[in-house]
Every structure is written in structure tokens, then in C-alpha cells.
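Asks: Quick one: this structure, given as C-alpha cells, is what I'll be asking you about.
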Amino acid sequence: MSRKYLQIKDVDINTEGWTVITQFVEKSHVQIGRYGKRVPYRKYVLTDSEGTIVSATVYGTAQIEFWDERIIQYKRYYVSGARVQPANPQYQIGDYPFTWTIQKGTLVEPYPEKLPPQLPCKIQLQEYSKLKESAETDILHNVMGIVVHVVPRKEGSSKSNTKDLVIVNAENRPIIFTLWNEFAKEEGQQLANTLPTGNIIVATRVRVTTFNLLSISTTPLGTIMINPPMAEAVALKQWYIDHKEEVNQQLKLKVYESAEFLLPPPNESDIISVCSALKNLHILKTAWVRGKAGLAYGQTSYWFTACHNCKKTLRAQIGWMVTCPHCNAEGPVEPRYGDNQM
């Protein structure tokens with residue numbers, strides 16, 4: 001009996017005897033379920049030749065280890081017999097309304113080819129210049145960049161579960177990318193060890209923060225794709241080859257730590273009133289405002305005490321050696337000039 005080859009969009013909970021030629025796009029870290037028996041699981045994102053994407057999950061340590069030995073990211077496979085179920089709208093990743101479970105008995109066979117093709121699915125990439133618009137919000141972005149620098153760990157820092165990289169794209173706007181926990185241990189270490197090769201990454205579902213003035217960080221929902229087979233990655237690699245001296249000059253100036261570079265003066269149309277900001281900050285979180293500054297009645301201090309590393313306010317005496325609750329850095333409390341609003 002011949003197989004029934006379908007596209008992802010043609011497979012639903014009632015489809016039987018199907019096979020889809022898929023390409024494995026993303027691979028998450030192993031996570032633990034929040035409820036019930038707290039079963040470990042790993043998520044994949046698969047695509048087909050039409051660019052439709054589907055989330056596929058493997059549950060249980062034994063199955064995760066079994067499929068880890070057989071599935072290689074970016075390669076293509078014939079997938080048959082995965083369990084199909086409706087997707088939770090909160091976690092649906094595309095237009096396809098179902099998710100798959102790869103389990104014992106699911107058939108995943110290598111597609112016979114020497115090299116996989118470029119990914120047919122479209123990954124929406126955010127421009128670095130627009131990242132500030134969603135700082136400190138729940139909006140997540142996908143970004144592409146070339147890893148050009150590993151930020152040395154600051155003296156006294158106890159943040160062993162993070163790694164700060166500097167990435168840049170064709171906008172030539174270097175930005176700090178903070179990798180947390182397993183991302184720091186695995187992808188972070190791999191990227192640091194191979195820094196001279198100029199790795200291209202696509203970081204999915206990252207959050208924009210105002211830590212380090214403006215930076216991005218990993219989230220549990222995200223993944224890091226290293227040197228993905230994408231036309232955009234090829235173009236960025238060539239751009240870097242052509243503009244390496246300019247990028248190195250930016251790194252020498254440490255523009256990724258410069259407020260003037262990361263947060264340049266806004267356009268007039270982006271400035272709102274204090275009144276509008278107060279009404280909308282529960283949604284916007286950050287805003288450019290125009291107003292007149294003044295001291296509140298009885299407030300006469302023009303300085304405050306802060307962490308030596310992240311510069312955020314600490315109610316402690318100057319010179320105390322403390323562990324900062326904001327950034328976990330260990331060091332002396334120092335005076336800072338300005339309003340105590342950090």
C-alpha cells in the first residue's frame with residue numbers, strides 16, 4: 001500500500017495513515033511541566049515545503065533521550081503517526097490550529113539528501129531600532145544577529161547563571177543579549193568558544209529589558225538557532241565580512257553600553273505628556289515624556305545610594321559591601337547624583 005504524503009495543513013485529528021516531509025526548525029531546552037506529575041518535555045518547531053509550521057512535543061526522559069539521538073536540527077524527516085490534537089490558542093505558533101506529540105511508535109525517518117534546503121518558513125525578525133518600543137513589556141520578538149563579543153563578567157558579580165553576548169545586525173547597532181540558565185550553559189558556552197567564526201543566531205521569543213540601558217534576554221518560551229539555513233543569515237554573514245572594521249570600531253567604543261547610542265533623542269511625534277504617560281504606563285511600561293522637573297516638598301537631596309554595578313537604588317550606607325538584590329553583583333554601595341528614581 002502506497003503512503004499518503006500530505007502537507008502539514010492537511011493533517012487534523014481525523015486524518016489517518018499520513019506522512020509529512022518536515023524540516024526541524026527549532027529545538028527547545030528540556031522543561032518540566034508545571035502541573036500534575038511534572039513530566040519533563042522538549043518542544044520542536046517543524047515546517048514543510050509550504051512553510052506551514054507546527055509545534056511538536058516529546059514527553060518523558062526516556063523518549064527525550066531516544067529522539068535526541070535520532071533528530072538533528074535543520075534536517076528533513078518523514079514524520080508519520082504523531083498524535084494530533086487541537087492547539088491551545090494561548091500557545092499556538094502559527095495559523096495551523098493543531099499540535100503534534102512525537103511518542104513511542106511515531107515514525108521519524110531521515111529524508112535522503114546530503115544537505116537540507118534553506119528553511120521554507122518565514123521567521124518574522126524585529127529591527128533593533130524598534131526594540132526600545134516594547135521595553136519592559138510582555139511583547140516577545142525574534143531577532144537575528146552575528147555574535148561579535150562576549151562581555152567579561154564584572155568583578156564581584158555572582159551571576160553565574162547568565163552570559164552576556166554582544167550581537168549586531170546590518171543596522172550596525174550592537175546590543176547586549178543576556179542568556180539565562182541552560183541557554184548560558186549550552187548555547188552561550190558554544191558561542192563563546194567559537195567566537196572567531198562569526199556565528200549567526202536567530203533568537204526566538206526574546207524579551208526587551210532596560211537592564212544595561214537597553215538589552216534583550218532569553219525567555220523559557222524561546223530558542224536559539226545557531227547558523228540556521230536561511231537566506232537572511234547568508235546575507236548577514238556577507239554584510240559582516242564587508243563591514244567588519246566598522247563593527248570592530250563600535251565594539252571598541254562600547255556603544256552597547258552607551259545611553260546616547262541605545263536611547264537617542266526621540267522624534268517629536270514619540271513624546272507624550274506626563275498625563276498621557278500615567279494613563280498608559282500599565283500597558284506601555286516605558287515612554288518619552290515632556291515635563292518640568294522639580295523637587296517634592298521637603299525633598300532636598302540631590303544624590304542617592306546605589307549598586308556599583310547596575311546603579312539601581314539601595315537603601316544602604318556608602319561603602320557597605322553588599323549583594324545587590326537587583327543584579328546579584330557583590331560590591332560597595334556608592335553615591336549617585338540625581339533624583340532617586342532608579
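We name chains A, B, ... following the order of the C-alpha cells; residues begin at 1 in each chain, and ligands are numbered from 1 as shown.
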So which residues touch A:Ala82 within 7 Å, counting only C-alpha atoms, skipping near sequence neighbours fewer than 5 positions away, as a PyMOL selection string?

Replies: chain A and resi 100-103+106

Asks: Write out as a ChimeraX atom specification which residues come within 10 Å of stretch 229-237 of chain A when counting only C-alpha atoms, dropping same-chain ones fewer than 2 positions away.

Replies: /A:25,74-75,115-123,125,144-146,168-170,198-202,225-227,239-243

Asks: Would you please work out which residue, of A:Asn248, A:Gln85, A:Ser129, A:Gln90, is nearest to A:His149 when using only C-alpha atoms?

Replies: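 Distance minimum relative to A:His149 lands on A:Asn248.
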
Asks: What are the closest atom pairs, with distances in Å to one decimal, for all residues of stretch 159-267 of chain A lying within 12 Å of stretch 308-319 of chain A? Consider only C-alpha atoms, order rows by chain and residue number, and present the result as CSV.

Replies:
residue,atom,partner,partner_atom,distance
A:Lys159,CA,A:Asn309,CA,11.9
A:Thr210,CA,A:Cys310,CA,10.7
A:Phe211,CA,A:Cys310,CA,7.7
A:Asn212,CA,A:Cys310,CA,7.4
A:Leu213,CA,A:Cys310,CA,9.4
A:Glu257,CA,A:Cys310,CA,11.6

Asks: Those same residues, written as a PDB file, in the first residue's frame with C-alpha atoms?

Replies:
ATOM      1  CA  LYS A 159      25.507  35.861  38.294  1.00  0.00           C
ATOM      2  CA  THR A 210      16.080  48.209  30.372  1.00  0.00           C
ATOM      3  CA  PHE A 211      18.846  46.338  32.130  1.00  0.00           C
ATOM      4  CA  ASN A 212      22.154  47.547  30.666  1.00  0.00           C
ATOM      5  CA  LEU A 213      20.131  50.587  29.485  1.00  0.00           C
ATOM      6  CA  GLU A 257      26.772  50.456  26.968  1.00  0.00           C
TER       7      GLU A 257
END

Asks: DSSP on the backbone: what in stretch 160-322 of chain A comes out helix (DSSP H, G or I), as a PyMOL selection string?

Replies: chain A and resi 181-193+195-197+231-252+255-257+259-262+268-270+274-284

Asks: Could you tell me which of A:Glu330, A:Glu26, A:Glu50, A:Asp12 comes closest to A:Thr99 if we count only C-alpha atoms?

Replies: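 Answer, going by the shortest atom-to-atom distance: A:Asp12.
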
Asks: Give me, please, the distance in Å between atom CA of A:Pro220 and atom CA of A:Val147, quoted to one decimal.

Replies: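 That distance, rounded to one decimal, is 20.8 Å.
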
Asks: List the spatial neighbours of A:Thr286 as a list in words - criterion: any atom at most 8 Å away, only C-alpha atoms, same-chain residues fewer than 6 positions off excluded.

Replies: Glu133, Ser134, Ala135 and Glu136 of chain A

Asks: Write the residues you've just listed into a file as a compact mmCIF listing (two decimals), in the first residue's frame, and include C-alpha atoms for each of them.

Replies:
# COMPACT_ATOMS: atom_id res chain seq x y z
CA GLU A 133 9.30 50.46 21.84
CA SER A 134 8.50 47.24 23.71
CA ALA A 135 10.99 47.51 26.58
CA GLU A 136 9.73 46.04 29.88

Asks: Could you pull out all residues of stretch 75-224 of chain A with a DSSP call of strand (DSSP E or B) and give them as an MDAnalysis selection string?

Replies: chainID A and resid 76:80 83:86 98:101 107:110 140:150 157 162:168 175:180 200:209 215:217 224

Asks: Env of A:Glu268: 12 Å cut, atoms = only C-alpha atoms, seq-sep filter 5 positions within chain, self excluded. Answer as number ranges by chain.

Replies: A: 273, 288-290

Asks: Here is a test: counting only C-alpha atoms, which residue of A:Gly81, A:Thr209, A:Val255, A:Pro152 is nearest to A:Asp138?

Replies: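 Of all the options, A:Thr209 lies closest to A:Asp138.
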
Asks: Which polymer residues have any atom within 10 Å of an atom of A:Asp68, counting only C-alpha atoms, with same-chain residues fewer than 6 positions away left out, as number ranges by chain?

Replies: A: 42, 58, 62

Asks: If you keep C-alpha atoms, can you produce a file of those selected residues as a short mmCIF file (atom, residue, chain, number, x, y, z; two decimals), in the first residue's frame?

Replies:
data_model
loop_
_atom_site.label_atom_id
_atom_site.label_comp_id
_atom_site.auth_asym_id
_atom_site.auth_seq_id
_atom_site.Cartn_x
_atom_site.Cartn_y
_atom_site.Cartn_z
CA ARG A 42 11.08 19.08 24.85
CA VAL A 58 8.24 14.88 23.22
CA ALA A 62 13.31 8.16 28.07
#

Asks: Between atom CA of A:Val108 and atom CA of A:Trp67, what is the spacing in Å?

Replies: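 It comes out at 9.0 Å.
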
Asks: What does the distance between atom CA of A:Trp303 and atom CA of A:Ile176 come to in Å, to one decimal place?

Replies: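 Between atom CA of A:Trp303 and atom CA of A:Ile176 the gap works out to 28.4 Å.
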